[in-house]
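Asker: Below is final06.pdb; it holds PDB, C-alpha atoms and all ligand atoms.
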ATOM      1  CA  MET A   1       0.000   0.000   0.000
ATOM      2  CA  ARG A   2       1.291   3.468  -0.789
ATOM      3  CA  ARG A   3      -0.176   6.920  -0.690
ATOM      4  CA  LEU A   4      -0.499   8.809  -3.955
ATOM      5  CA  PHE A   5      -2.539  11.755  -2.633
ATOM      6  CA  PRO A   6      -2.327  14.053  -0.820
ATOM      7  CA  VAL A   7       1.334  14.532  -1.557
ATOM      8  CA  THR A   8       3.063  16.842   0.889
ATOM      9  CA  ASP A   9       6.701  17.910   1.164
ATOM     10  CA  GLU A  10       7.058  15.137   3.710
ATOM     11  CA  THR A  11       5.543  12.426   1.547
ATOM     12  CA  ALA A  12       7.603  13.517  -1.441
ATOM     13  CA  ALA A  13      10.861  13.406   0.548
ATOM     14  CA  PRO A  14      13.007  10.306   0.015
ATOM     15  CA  ALA A  15      13.291   7.835   2.892
ATOM     16  CA  SER A  16      16.038   8.685   5.420
ATOM     17  CA  ASP A  17      19.064   6.985   3.894
ATOM     18  CA  GLY A  18      17.645   4.508   1.445
ATOM     19  CA  VAL A  19      18.413   1.487   3.631
ATOM     20  CA  PRO A  20      15.343  -0.767   3.833
ATOM     21  CA  GLY A  21      13.771  -0.739   7.255
ATOM     22  CA  THR A  22      15.259   2.589   8.321
ATOM     23  CA  GLU A  23      12.531   4.786   6.908
ATOM     24  CA  THR A  24      11.087   7.103   9.471
ATOM     25  CA  THR A  25       8.101   7.966   7.314
ATOM     26  CA  ASN A  26       5.836   5.096   8.222
ATOM     27  CA  ARG A  27       2.747   6.997   9.302
ATOM     28  CA  PRO A  28      -0.287   7.272   7.089
ATOM     29  CA  GLY A  29      -0.050  10.431   5.077
ATOM     30  CA  THR A  30       3.713  10.330   5.190
ATOM     31  CA  ASP A  31       4.480   7.293   3.109
ATOM     32  CA  THR A  32       4.855   6.804  -0.582
ATOM     33  CA  THR A  33       6.837   3.595  -0.040
ATOM     34  CA  ASP A  34       4.960   0.470  -1.026
ATOM     35  CA  ARG A  35       4.569  -1.697   2.077
ATOM     36  CA  GLU A  36       1.807  -3.457   3.970
ATOM     37  CA  TRP A  37      -0.158  -1.088   6.203
ATOM     38  CA  GLY A  38      -1.394  -2.339   9.541
ATOM     39  CA  LEU A  39      -5.087  -2.125  10.309
ATOM     40  CA  ASP A  40      -4.311   0.629  12.804
ATOM     41  CA  GLU A  41      -2.788   2.759  10.078
ATOM     42  CA  LEU A  42      -5.728   2.108   7.801
ATOM     43  CA  ALA A  43      -8.088   3.022  10.621
ATOM     44  CA  GLU A  44      -6.219   6.332  11.074
ATOM     45  CA  ALA A  45      -6.300   6.983   7.354
ATOM     46  CA  TYR A  46     -10.050   6.367   7.189
ATOM     47  CA  ALA A  47     -11.062   7.986  10.488
ATOM     48  CA  TYR A  48     -14.392   9.807  10.423
ATOM     49  CA  PRO A  49     -13.799  13.567  10.117
ATOM     50  CA  PRO A  50     -13.120  15.447  13.367
ATOM     51  CA  GLY A  51     -16.147  17.276  14.716
ATOM     52  CA  GLN A  52     -18.461  14.885  12.904
ATOM     53  CA  ALA A  53     -19.839  11.523  13.798
ATOM     54  CA  GLY A  54     -18.889  11.545  17.461
ATOM     55  CA  GLN A  55     -15.210  12.331  16.956
ATOM     56  CA  ALA A  56     -13.658  14.932  19.215
ATOM     57  CA  GLY A  57     -13.184  18.071  17.193
ATOM     58  CA  PRO A  58     -12.665  21.790  17.466
ATOM     59  CA  ALA A  59     -14.945  23.527  19.958
ATOM     60  CA  GLY A  60     -18.299  24.317  18.443
ATOM     61  CA  ALA A  61     -17.929  21.848  15.580
ATOM     62  CA  ALA A  62     -20.416  19.483  17.115
ATOM     63  CA  GLY A  63     -23.336  21.893  17.512
ATOM     64  CA  PRO A  64     -25.916  21.911  20.298
ATOM     65  CA  ALA A  65     -27.579  18.638  19.286
ATOM     66  CA  GLY A  66     -24.291  16.745  19.300
ATOM     67  CA  PRO A  67     -21.963  15.825  16.477
ATOM     68  CA  GLN A  68     -23.367  15.623  12.979
ATOM     69  CA  PRO A  69     -23.797  12.205  11.394
ATOM     70  CA  TRP A  70     -21.459  11.307   8.578
ATOM     71  CA  LEU A  71     -22.593   8.928   5.863
ATOM     72  CA  ARG A  72     -19.914   7.322   3.758
ATOM     73  CA  ALA A  73     -20.298   4.728   1.057
ATOM     74  CA  ASN A  74     -17.787   2.024   0.269
ATOM     75  CA  MET A  75     -17.995   0.649  -3.252
ATOM     76  CA  VAL A  76     -15.768  -1.111  -5.778
ATOM     77  CA  ALA A  77     -15.902  -0.724  -9.546
ATOM     78  CA  THR A  78     -13.889  -2.057 -12.472
ATOM     79  CA  LEU A  79     -12.052   0.192 -14.923
ATOM     80  CA  ASP A  80     -15.125   0.049 -17.170
ATOM     81  CA  GLY A  81     -17.464   0.916 -14.325
ATOM     82  CA  ALA A  82     -18.954  -2.470 -13.427
ATOM     83  CA  ALA A  83     -20.074  -2.761  -9.813
ATOM     84  CA  GLN A  84     -20.547  -6.511  -9.986
ATOM     85  CA  HIS A  85     -19.583  -9.604 -11.962
ATOM     86  CA  ASP A  86     -21.839 -12.635 -12.084
ATOM     87  CA  GLY A  87     -24.174 -10.887  -9.649
ATOM     88  CA  ARG A  88     -21.583 -10.301  -6.941
ATOM     89  CA  SER A  89     -18.700  -7.968  -6.198
ATOM     90  CA  GLN A  90     -16.234 -10.529  -4.836
ATOM     91  CA  SER A  91     -14.477 -11.256  -8.133
ATOM     92  CA  ILE A  92     -13.753  -7.579  -8.775
ATOM     93  CA  SER A  93     -12.385  -7.047  -5.272
ATOM     94  CA  GLY A  94      -8.967  -8.046  -3.906
ATOM     95  CA  ALA A  95      -7.010  -8.537  -0.688
ATOM     96  CA  ALA A  96      -6.314  -4.863   0.033
ATOM     97  CA  ASP A  97      -9.884  -3.937  -0.876
ATOM     98  CA  MET A  98     -11.123  -6.458   1.663
ATOM     99  CA  ARG A  99      -8.800  -4.995   4.318
ATOM    100  CA  ILE A 100     -10.228  -1.550   3.676
ATOM    101  CA  PHE A 101     -13.755  -3.015   3.648
ATOM    102  CA  GLY A 102     -13.049  -4.489   7.097
ATOM    103  CA  THR A 103     -11.475  -1.257   8.324
ATOM    104  CA  LEU A 104     -14.477   0.823   7.297
ATOM    105  CA  ARG A 105     -16.747  -1.607   9.122
ATOM    106  CA  GLY A 106     -14.417  -1.470  12.107
ATOM    107  CA  LEU A 107     -14.944   2.298  12.320
ATOM    108  CA  ALA A 108     -18.707   2.381  11.741
ATOM    109  CA  ASP A 109     -21.675   2.375  14.113
ATOM    110  CA  VAL A 110     -23.926   0.879  11.477
ATOM    111  CA  VAL A 111     -23.714  -0.589   7.975
ATOM    112  CA  VAL A 112     -26.700   0.357   5.823
ATOM    113  CA  VAL A 113     -27.322  -2.015   2.945
ATOM    114  CA  GLY A 114     -30.012  -2.658   0.352
ATOM    115  CA  ALA A 115     -32.009  -5.872   0.578
ATOM    116  CA  GLU A 116     -30.874  -7.104  -2.833
ATOM    117  CA  THR A 117     -27.233  -6.957  -1.796
ATOM    118  CA  VAL A 118     -28.129  -8.866   1.362
ATOM    119  CA  ARG A 119     -29.871 -11.522  -0.734
ATOM    120  CA  GLN A 120     -27.213 -11.738  -3.465
ATOM    121  CA  GLU A 121     -24.152 -11.569  -1.263
ATOM    122  CA  GLY A 122     -25.529 -13.692   1.582
ATOM    123  CA  TYR A 123     -24.902 -11.080   4.266
ATOM    124  CA  ARG A 124     -23.914 -12.282   7.710
ATOM    125  CA  PRO A 125     -23.696 -10.298  10.958
ATOM    126  CA  ALA A 126     -20.664  -8.053  11.336
ATOM    127  CA  ARG A 127     -18.099  -9.675  13.594
ATOM    128  CA  ALA A 128     -16.143  -8.208  16.472
ATOM    129  CA  ARG A 129     -12.500  -7.897  15.530
ATOM    130  CA  GLU A 130      -9.718  -7.727  18.057
ATOM    131  CA  ASP A 131      -7.822  -5.198  15.921
ATOM    132  CA  PHE A 132     -10.570  -2.620  16.374
ATOM    133  CA  ALA A 133     -11.681  -3.488  19.924
ATOM    134  CA  ALA A 134      -9.721  -0.808  21.827
ATOM    135  CA  ARG A 135     -10.500   1.879  19.270
ATOM    136  CA  ARG A 136     -14.204   1.045  19.369
ATOM    137  CA  GLU A 137     -14.320   0.983  23.127
ATOM    138  CA  ALA A 138     -12.571   4.365  23.343
ATOM    139  CA  ALA A 139     -15.105   5.779  20.883
ATOM    140  CA  GLY A 140     -17.996   4.429  22.944
ATOM    141  CA  GLN A 141     -18.992   1.953  20.257
ATOM    142  CA  GLY A 142     -20.240  -1.592  20.631
ATOM    143  CA  PRO A 143     -18.006  -4.499  19.581
ATOM    144  CA  ALA A 144     -19.172  -4.441  15.945
ATOM    145  CA  PRO A 145     -21.412  -2.314  13.768
ATOM    146  CA  ALA A 146     -25.082  -3.157  13.495
ATOM    147  CA  ILE A 147     -26.324  -4.056  10.031
ATOM    148  CA  ALA A 148     -29.335  -2.066   8.807
ATOM    149  CA  VAL A 149     -31.155  -3.675   5.887
ATOM    150  CA  VAL A 150     -33.295  -1.383   3.729
ATOM    151  CA  SER A 151     -36.313  -3.194   2.303
ATOM    152  CA  ALA A 152     -39.846  -2.410   1.169
ATOM    153  CA  SER A 153     -40.996  -5.981   0.509
ATOM    154  CA  LEU A 154     -39.363  -7.480   3.624
ATOM    155  CA  ASP A 155     -38.803 -10.471   1.375
ATOM    156  CA  LEU A 156     -35.863 -11.567   3.486
ATOM    157  CA  ASP A 157     -35.000 -14.905   5.047
ATOM    158  CA  PHE A 158     -35.383 -14.064   8.715
ATOM    159  CA  SER A 159     -34.080 -17.485   9.753
ATOM    160  CA  LEU A 160     -30.555 -16.467   8.704
ATOM    161  CA  PRO A 161     -27.848 -15.656  11.279
ATOM    162  CA  LEU A 162     -27.951 -12.039  10.082
ATOM    163  CA  PHE A 163     -31.270 -11.740  11.878
ATOM    164  CA  THR A 164     -31.134 -14.465  14.523
ATOM    165  CA  SER A 165     -27.615 -14.172  15.952
ATOM    166  CA  PRO A 166     -25.905 -10.818  15.416
ATOM    167  CA  LEU A 167     -23.834  -9.178  18.150
ATOM    168  CA  LEU A 168     -26.150  -6.162  17.945
ATOM    169  CA  PRO A 169     -29.736  -6.562  16.727
ATOM    170  CA  THR A 170     -30.003  -6.187  12.973
ATOM    171  CA  LEU A 171     -32.136  -3.236  11.958
ATOM    172  CA  VAL A 172     -34.710  -3.489   9.199
ATOM    173  CA  LEU A 173     -35.551  -0.094   7.707
ATOM    174  CA  THR A 174     -38.850  -0.053   5.884
ATOM    175  CA  GLY A 175     -41.947   2.032   5.142
ATOM    176  CA  ALA A 176     -45.130   2.413   7.176
ATOM    177  CA  ALA A 177     -47.065   0.410   4.586
ATOM    178  CA  ALA A 178     -44.870  -2.690   4.928
ATOM    179  CA  ALA A 179     -46.738  -5.973   5.359
ATOM    180  CA  PRO A 180     -47.546  -6.478   9.081
ATOM    181  CA  ASP A 181     -46.896 -10.239   8.913
ATOM    182  CA  ARG A 182     -43.406  -9.626   7.518
ATOM    183  CA  ILE A 183     -42.731  -7.035  10.223
ATOM    184  CA  ALA A 184     -43.849  -9.596  12.795
ATOM    185  CA  ALA A 185     -41.558 -12.222  11.241
ATOM    186  CA  ALA A 186     -38.613  -9.843  11.375
ATOM    187  CA  GLU A 187     -39.251  -8.974  15.004
ATOM    188  CA  LYS A 188     -39.802 -12.595  15.979
ATOM    189  CA  ALA A 189     -36.359 -13.397  14.581
ATOM    190  CA  GLY A 190     -34.849 -10.699  16.777
ATOM    191  CA  ALA A 191     -34.556  -7.859  14.270
ATOM    192  CA  ARG A 192     -35.495  -4.308  15.154
ATOM    193  CA  VAL A 193     -37.888  -2.841  12.599
ATOM    194  CA  VAL A 194     -37.579   0.902  12.049
ATOM    195  CA  ILE A 195     -40.215   2.749  10.046
ATOM    196  CA  ALA A 196     -38.546   5.422   7.933
ATOM    197  CA  GLY A 197     -41.091   6.245   5.243
ATOM    198  CA  ASP A 198     -44.801   6.941   4.877
ATOM    199  CA  GLY A 199     -45.513   4.466   2.073
ATOM    200  CA  MET A 200     -43.883   1.166   1.142
ATOM    201  CA  GLY A 201     -40.440   2.621   0.772
ATOM    202  CA  VAL A 202     -37.846   4.282   2.961
ATOM    203  CA  ASP A 203     -37.137   7.982   2.675
ATOM    204  CA  PRO A 204     -33.311   8.261   2.698
ATOM    205  CA  ALA A 205     -33.139  11.438   4.785
ATOM    206  CA  ARG A 206     -35.613  10.004   7.271
ATOM    207  CA  ALA A 207     -33.556   6.812   7.472
ATOM    208  CA  VAL A 208     -30.480   8.836   8.407
ATOM    209  CA  ARG A 209     -32.454  10.716  11.067
ATOM    210  CA  ALA A 210     -33.831   7.451  12.447
ATOM    211  CA  LEU A 211     -30.315   6.043  12.799
ATOM    212  CA  VAL A 212     -29.141   9.234  14.532
ATOM    213  CA  ASP A 213     -32.092   8.941  16.911
ATOM    214  CA  LEU A 214     -30.796   5.473  17.782
ATOM    215  CA  GLY A 215     -27.438   7.023  18.669
ATOM    216  CA  MET A 216     -25.694   6.053  15.423
ATOM    217  CA  ARG A 217     -23.676   8.763  13.707
ATOM    218  CA  ARG A 218     -20.784   7.022  12.021
ATOM    219  CA  LEU A 219     -22.786   5.684   9.133
ATOM    220  CA  LEU A 220     -21.455   3.410   6.409
ATOM    221  CA  THR A 221     -23.365   2.163   3.403
ATOM    222  CA  GLU A 222     -22.188  -0.739   1.286
ATOM    223  CA  GLY A 223     -24.777  -0.107  -1.431
ATOM    224  CA  GLY A 224     -25.960  -1.688  -3.561
ATOM    225  CA  PRO A 225     -26.269   0.600  -6.518
ATOM    226  CA  ARG A 226     -30.025   1.129  -6.322
ATOM    227  CA  LEU A 227     -29.827   2.159  -2.678
ATOM    228  CA  LEU A 228     -26.739   4.313  -3.232
ATOM    229  CA  GLY A 229     -28.449   6.119  -6.120
ATOM    230  CA  GLN A 230     -31.238   7.189  -3.776
ATOM    231  CA  LEU A 231     -28.828   8.309  -1.056
ATOM    232  CA  VAL A 232     -26.988  10.452  -3.609
ATOM    233  CA  ALA A 233     -30.211  11.875  -5.065
ATOM    234  CA  ALA A 234     -31.492  12.730  -1.575
ATOM    235  CA  GLY A 235     -28.280  14.639  -0.843
ATOM    236  CA  VAL A 236     -27.421  12.643   2.276
ATOM    237  CA  LEU A 237     -24.164  11.073   1.106
ATOM    238  CA  ASP A 238     -21.149  12.833   2.632
ATOM    239  CA  GLU A 239     -18.338  10.671   1.334
ATOM    240  CA  LEU A 240     -17.583   8.005  -1.235
ATOM    241  CA  CYS A 241     -14.779   5.504  -0.668
ATOM    242  CA  LEU A 242     -14.356   4.084  -4.147
ATOM    243  CA  THR A 243     -12.035   1.248  -5.039
ATOM    244  CA  VAL A 244     -11.047   1.170  -8.695
ATOM    245  CA  SER A 245     -10.297  -2.422  -9.554
ATOM    246  CA  PRO A 246      -7.755  -2.975 -12.360
ATOM    247  CA  MET A 247     -10.090  -5.160 -14.394
ATOM    248  CA  LEU A 248     -12.346  -4.882 -17.414
ATOM    249  CA  THR A 249     -15.501  -6.969 -17.506
ATOM    250  CA  VAL A 250     -17.466  -5.532 -20.478
ATOM    251  CA  GLY A 251     -21.132  -6.606 -20.260
ATOM    252  CA  ASP A 252     -23.972  -4.576 -18.837
ATOM    253  CA  ALA A 253     -23.355  -4.763 -15.107
ATOM    254  CA  GLN A 254     -24.789  -2.038 -12.865
ATOM    255  CA  ARG A 255     -22.662   0.998 -12.073
ATOM    256  CA  ILE A 256     -22.086   1.838  -8.412
ATOM    257  CA  ALA A 257     -25.130   4.135  -8.312
ATOM    258  CA  GLY A 258     -28.343   3.540 -10.233
ATOM    259  CA  GLY A 259     -31.771   5.063 -10.669
ATOM    260  CA  PRO A 260     -33.067   8.239 -12.268
ATOM    261  CA  PRO A 261     -30.320  10.796 -12.999
ATOM    262  CA  VAL A 262     -30.014  13.784 -10.685
ATOM    263  CA  ALA A 263     -30.813  17.129 -12.316
ATOM    264  CA  VAL A 264     -27.444  18.617 -11.418
ATOM    265  CA  PRO A 265     -24.361  16.422 -10.955
ATOM    266  CA  ARG A 266     -23.324  16.162  -7.317
ATOM    267  CA  LYS A 267     -19.793  17.442  -6.868
ATOM    268  CA  PHE A 268     -17.216  15.706  -4.722
ATOM    269  CA  GLU A 269     -13.567  16.465  -4.012
ATOM    270  CA  LEU A 270     -10.697  14.013  -3.715
ATOM    271  CA  THR A 271      -9.319  13.779  -0.181
ATOM    272  CA  SER A 272      -7.148  10.678  -0.365
ATOM    273  CA  LEU A 273      -5.766   8.171  -2.854
ATOM    274  CA  LEU A 274      -3.961   4.974  -1.927
ATOM    275  CA  GLU A 275      -2.663   2.251  -4.236
ATOM    276  CA  GLU A 276      -1.857  -1.422  -3.906
ATOM    277  CA  ALA A 277      -1.346  -4.017  -6.616
ATOM    278  CA  GLY A 278      -2.886  -1.719  -9.208
ATOM    279  CA  PHE A 279      -6.049  -1.136  -7.161
ATOM    280  CA  LEU A 280      -6.783   2.530  -6.391
ATOM    281  CA  PHE A 281      -8.476   3.378  -3.108
ATOM    282  CA  SER A 282      -9.998   6.827  -3.323
ATOM    283  CA  ARG A 283     -11.882   8.944  -0.836
ATOM    284  CA  TYR A 284     -14.099  11.727  -2.101
ATOM    285  CA  ARG A 285     -16.098  14.036   0.127
ATOM    286  CA  ARG A 286     -19.029  16.180  -0.786
ATOM    287  CA  ASN A 287     -18.085  19.703  -1.827
TER     288      ASN A 287
HETATM  289  N1  LIG O 301     -19.494  -2.944  -6.291
HETATM  290  C1  LIG O 301     -19.917  -2.776  -5.083
HETATM  291  O1  LIG O 301     -19.240  -2.141  -4.282
HETATM  292  C2  LIG O 301     -21.236  -3.373  -4.674
HETATM  293  C3  LIG O 301     -21.762  -3.067  -3.425
HETATM  294  C4  LIG O 301     -22.984  -3.616  -3.082
HETATM  295  C5  LIG O 301     -23.642  -4.436  -3.971
HETATM  296  N2  LIG O 301     -23.111  -4.696  -5.169
HETATM  297  C6  LIG O 301     -23.824  -5.542  -6.127
HETATM  298  O2  LIG O 301     -25.039  -4.895  -6.455
HETATM  299  C7  LIG O 301     -26.062  -5.850  -6.687
HETATM  300  C8  LIG O 301     -27.255  -5.533  -5.828
HETATM  301  O3  LIG O 301     -27.515  -4.150  -5.844
HETATM  302  P1  LIG O 301     -28.924  -3.540  -6.306
HETATM  303  O4  LIG O 301     -28.656  -2.140  -6.689
HETATM  304  O5  LIG O 301     -29.567  -4.448  -7.294
HETATM  305  O6  LIG O 301     -29.769  -3.628  -5.007
HETATM  306  P2  LIG O 301     -29.638  -2.960  -3.551
HETATM  307  O7  LIG O 301     -29.514  -1.485  -3.668
HETATM  308  O8  LIG O 301     -28.637  -3.694  -2.744
HETATM  309  O9  LIG O 301     -31.048  -3.369  -2.977
HETATM  310  C9  LIG O 301     -32.225  -2.949  -3.632
HETATM  311  C10 LIG O 301     -33.326  -3.335  -2.727
HETATM  312  O10 LIG O 301     -33.225  -2.575  -1.535
HETATM  313  C11 LIG O 301     -34.496  -2.190  -1.107
HETATM  314  N3  LIG O 301     -34.605  -0.748  -1.246
HETATM  315  C12 LIG O 301     -33.818   0.106  -1.949
HETATM  316  N4  LIG O 301     -34.244   1.351  -1.782
HETATM  317  C13 LIG O 301     -35.308   1.288  -0.962
HETATM  318  C14 LIG O 301     -36.175   2.264  -0.394
HETATM  319  N5  LIG O 301     -36.032   3.569  -0.650
HETATM  320  N6  LIG O 301     -37.155   1.829   0.426
HETATM  321  C15 LIG O 301     -37.308   0.520   0.717
HETATM  322  N7  LIG O 301     -36.520  -0.428   0.205
HETATM  323  C16 LIG O 301     -35.533  -0.037  -0.619
HETATM  324  C17 LIG O 301     -35.484  -2.905  -1.980
HETATM  325  O11 LIG O 301     -35.643  -4.160  -1.331
HETATM  326  P3  LIG O 301     -36.936  -5.079  -1.443
HETATM  327  O12 LIG O 301     -36.877  -5.648  -2.815
HETATM  328  O13 LIG O 301     -36.749  -6.093  -0.362
HETATM  329  O14 LIG O 301     -38.122  -4.199  -1.246
HETATM  330  C18 LIG O 301     -34.717  -3.055  -3.271
HETATM  331  O15 LIG O 301     -35.183  -4.104  -4.072
HETATM  332  C19 LIG O 301     -25.445  -7.191  -6.376
HETATM  333  O16 LIG O 301     -25.033  -7.768  -7.581
HETATM  334  C20 LIG O 301     -24.232  -6.861  -5.554
HETATM  335  O17 LIG O 301     -23.215  -7.795  -5.703
HETATM  336  C21 LIG O 301     -21.919  -4.180  -5.543
END
Write the structure described by the file as structure tokens, please.
Ligand SMILES: NC(=O)c1ccc[n+]([C@@H]2O[C@H](COP(=O)([O-])OP(=O)(O)OC[C@H]3O[C@@H](n4cnc5c(N)ncnc54)[C@H](OP(=O)(O)O)[C@@H]3O)[C@@H](O)[C@H]2O)c1
Answerer:
Amino acid sequence: MRRLFPVTDETAAPASDGVPGTETTNRPGTDTTDREWGLDELAEAYAYPPGQAGQAGPAGAAGPAGPQPWLRANMVATLDGAAQHDGRSQSISGAADMRIFGTLRGLADVVVVGAETVRQEGYRPARAREDFAARREAAGQGPAPAIAVVSASLDLDFSLPLFTSPLLPTLVLTGAAAAPDRIAAAEKAGARVVIAGDGMGVDPARAVRALVDLGMRRLLTEGGPRLLGQLVAAGVLDELCLTVSPMLTVGDAQRIAGGPPVAVPRKFELTSLLEEAGFLFSRYRRN
């Protein structure tokens, strides 16, 4: 892993004397040398912004109602823009991408995900990882993020471990018009159903507010594309962590965000770019 952006005087400076192992520039943000980054370094590099999402920040940054939530998305796409291959994203991912995937989960209060991704990818509960335990405890977080599944149909297999045996109850975000028997099935399995829309569907901004009301501010979404498209259109996405996978798949796979186009393109600015094995790991935040 090496940092390509931002490049500072420090990052551009050559290592101390060129002898392997004597570099002093081994902190994130100060290293253009290709080497394996520990999970701690990745966690630093991907920390939620200060003053947001429960992080300590400059006085006044949090506001009277507490720190602002921060919603980031983590997605992977091929060079030709495919967000999946054979219905899943595994084959376009890689080892470093999975480390960053795990790091982003390790930092989050909740992982918001569309029901189709849950069905296609066979989602399981997030696990507690020793590498993030101290950091999570210091931040007042539980041992692992909760998973929040967004669904209108509630056509989900509630007998799966995702619903029956998570560390923290899995949330099911749905609309007020959702089928009562499916709500009952979800609750019977142990899930917590949260109504975040007046009709069948979930209103993205209301979903964010509902999560904040539950004390969750470090929000992470893992898509899929149809859900992400709505989060973008609703203007609630603060950050995109996009992995560019050095592959071409052709075909007609979904892009990372789908749905009706927004009237005016949403503008984002690059805040970080890492590279490993030809994969690019970018972070863009809303302008
Ligand atoms: N490249 C990547 O990083 C990445 C990430 C994630 C997923 N993927 C891939 O993307 C594919 C799945 O993504 P997708 O876009 O088809 O589906 P998705 O966004 O994961 O899920 C769509 C489903 O979510 C529910 N949903 C979405 N918006 C809703 C709203 N406003 N209110 C209520 N429910 C809502 C609906 O569930 P119900 O049908 O239950 O009502 C809808 O059918 C898979 O192939 C997966 O591998 C790729």
Asker: State, in Å with one decimal place, the distance from atom CA of Val262 of chain A to atom CA of Gly235 of chain A.
Answerer: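 Computing the Euclidean distance for atom CA of Val262 of chain A and atom CA of Gly235 of chain A yields 10.0 Å.
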Asker: Nearest to Arg192 of chain A: which of A:Ala205, A:Val236, A:Thr32, A:Val172 is it, counting all atoms listed in the file?
Answerer: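 Going through A:Ala205, A:Val236, A:Thr32, A:Val172 one by one, the smallest distance to Arg192 of chain A is for A:Val172.
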Asker: Do you know which residues the PyMOL selection byres (((chain A and resi 239-248) around 8) and not hetatm) returns on this file, as a list of chain:residue names?
Answerer: A:Trp70, A:Leu71, A:Arg72, A:Ala73, A:Asn74, A:Met75, A:Val76, A:Ala77, A:Thr78, A:Leu79, A:Asp80, A:Ile92, A:Ser93, A:Asp97, A:Leu237, A:Asp238, A:Thr249, A:Val250, A:Phe268, A:Gly278, A:Phe279, A:Leu280, A:Phe281, A:Ser282, A:Arg283, A:Tyr284, A:Arg285, A:Arg286
Asker: Could you check which of A:Gln84, A:Thr271, A:Asn287, A:Thr33 is closest to ligand LIG 301 (chain O), using only C-alpha atoms and all ligand atoms?
Answerer: A:Gln84
Asker: With all atoms listed in the file as the atoms that count, which of A:Leu156, A:Val232, A:Leu211, A:Leu4 lies nearest to Leu270 of chain A?
Answerer: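 For Leu270 of chain A, the nearest of the candidates is A:Leu4.
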Asker: Write out as JSON lines a residue-level contact list of chain A versus ligand LIG 301 (chain O) with cut-off 7 Å: for each qualifying residue the closest pair of atoms and the distance in Å to one decimal, counting all atoms listed in the file, rows sorted by chain and residue number upward.
Answerer:
{"residue": "A:Asn74", "atom": "CA", "partner": "O:LIG301", "partner_atom": "O1", "distance": 6.3}
{"residue": "A:Met75", "atom": "CA", "partner": "O:LIG301", "partner_atom": "O1", "distance": 3.2}
{"residue": "A:Val76", "atom": "CA", "partner": "O:LIG301", "partner_atom": "O1", "distance": 3.9}
{"residue": "A:Ala77", "atom": "CA", "partner": "O:LIG301", "partner_atom": "N1", "distance": 5.3}
{"residue": "A:Ala83", "atom": "CA", "partner": "O:LIG301", "partner_atom": "N1", "distance": 3.6}
{"residue": "A:Gln84", "atom": "CA", "partner": "O:LIG301", "partner_atom": "C6", "distance": 5.2}
{"residue": "A:Gly87", "atom": "CA", "partner": "O:LIG301", "partner_atom": "O16", "distance": 3.8}
{"residue": "A:Arg88", "atom": "CA", "partner": "O:LIG301", "partner_atom": "O17", "distance": 3.2}
{"residue": "A:Ser89", "atom": "CA", "partner": "O:LIG301", "partner_atom": "O17", "distance": 4.5}
{"residue": "A:Val113", "atom": "CA", "partner": "O:LIG301", "partner_atom": "O8", "distance": 6.1}
{"residue": "A:Gly114", "atom": "CA", "partner": "O:LIG301", "partner_atom": "O8", "distance": 3.5}
{"residue": "A:Ala115", "atom": "CA", "partner": "O:LIG301", "partner_atom": "O10", "distance": 4.1}
{"residue": "A:Glu116", "atom": "CA", "partner": "O:LIG301", "partner_atom": "O9", "distance": 3.7}
{"residue": "A:Thr117", "atom": "CA", "partner": "O:LIG301", "partner_atom": "O8", "distance": 3.7}
{"residue": "A:Val118", "atom": "CA", "partner": "O:LIG301", "partner_atom": "O8", "distance": 6.6}
{"residue": "A:Gln120", "atom": "CA", "partner": "O:LIG301", "partner_atom": "C19", "distance": 5.7}
{"residue": "A:Glu121", "atom": "CA", "partner": "O:LIG301", "partner_atom": "O17", "distance": 5.9}
{"residue": "A:Val150", "atom": "CA", "partner": "O:LIG301", "partner_atom": "N7", "distance": 4.9}
{"residue": "A:Ser151", "atom": "CA", "partner": "O:LIG301", "partner_atom": "N7", "distance": 3.5}
{"residue": "A:Ala152", "atom": "CA", "partner": "O:LIG301", "partner_atom": "O14", "distance": 3.5}
{"residue": "A:Ser153", "atom": "CA", "partner": "O:LIG301", "partner_atom": "O14", "distance": 3.8}
{"residue": "A:Leu154", "atom": "CA", "partner": "O:LIG301", "partner_atom": "O13", "distance": 5.0}
{"residue": "A:Asp155", "atom": "CA", "partner": "O:LIG301", "partner_atom": "O13", "distance": 5.1}
{"residue": "A:Leu156", "atom": "CA", "partner": "O:LIG301", "partner_atom": "O13", "distance": 6.7}
{"residue": "A:Thr174", "atom": "CA", "partner": "O:LIG301", "partner_atom": "C15", "distance": 5.4}
{"residue": "A:Gly175", "atom": "CA", "partner": "O:LIG301", "partner_atom": "C15", "distance": 6.6}
{"residue": "A:Met200", "atom": "CA", "partner": "O:LIG301", "partner_atom": "C15", "distance": 6.6}
{"residue": "A:Gly201", "atom": "CA", "partner": "O:LIG301", "partner_atom": "N6", "distance": 3.4}
{"residue": "A:Val202", "atom": "CA", "partner": "O:LIG301", "partner_atom": "N6", "distance": 3.6}
{"residue": "A:Asp203", "atom": "CA", "partner": "O:LIG301", "partner_atom": "N5", "distance": 5.6}
{"residue": "A:Pro204", "atom": "CA", "partner": "O:LIG301", "partner_atom": "N5", "distance": 6.4}
{"residue": "A:Glu222", "atom": "CA", "partner": "O:LIG301", "partner_atom": "C3", "distance": 5.3}
{"residue": "A:Gly223", "atom": "CA", "partner": "O:LIG301", "partner_atom": "C4", "distance": 4.3}
{"residue": "A:Gly224", "atom": "CA", "partner": "O:LIG301", "partner_atom": "O8", "distance": 3.4}
{"residue": "A:Pro225", "atom": "CA", "partner": "O:LIG301", "partner_atom": "O4", "distance": 3.6}
{"residue": "A:Arg226", "atom": "CA", "partner": "O:LIG301", "partner_atom": "O4", "distance": 3.6}
{"residue": "A:Leu227", "atom": "CA", "partner": "O:LIG301", "partner_atom": "O7", "distance": 3.8}
{"residue": "A:Leu228", "atom": "CA", "partner": "O:LIG301", "partner_atom": "O7", "distance": 6.4}
{"residue": "A:Gln230", "atom": "CA", "partner": "O:LIG301", "partner_atom": "N5", "distance": 6.8}
{"residue": "A:Ile256", "atom": "CA", "partner": "O:LIG301", "partner_atom": "N1", "distance": 5.8}
{"residue": "A:Gly258", "atom": "CA", "partner": "O:LIG301", "partner_atom": "O4", "distance": 6.7}
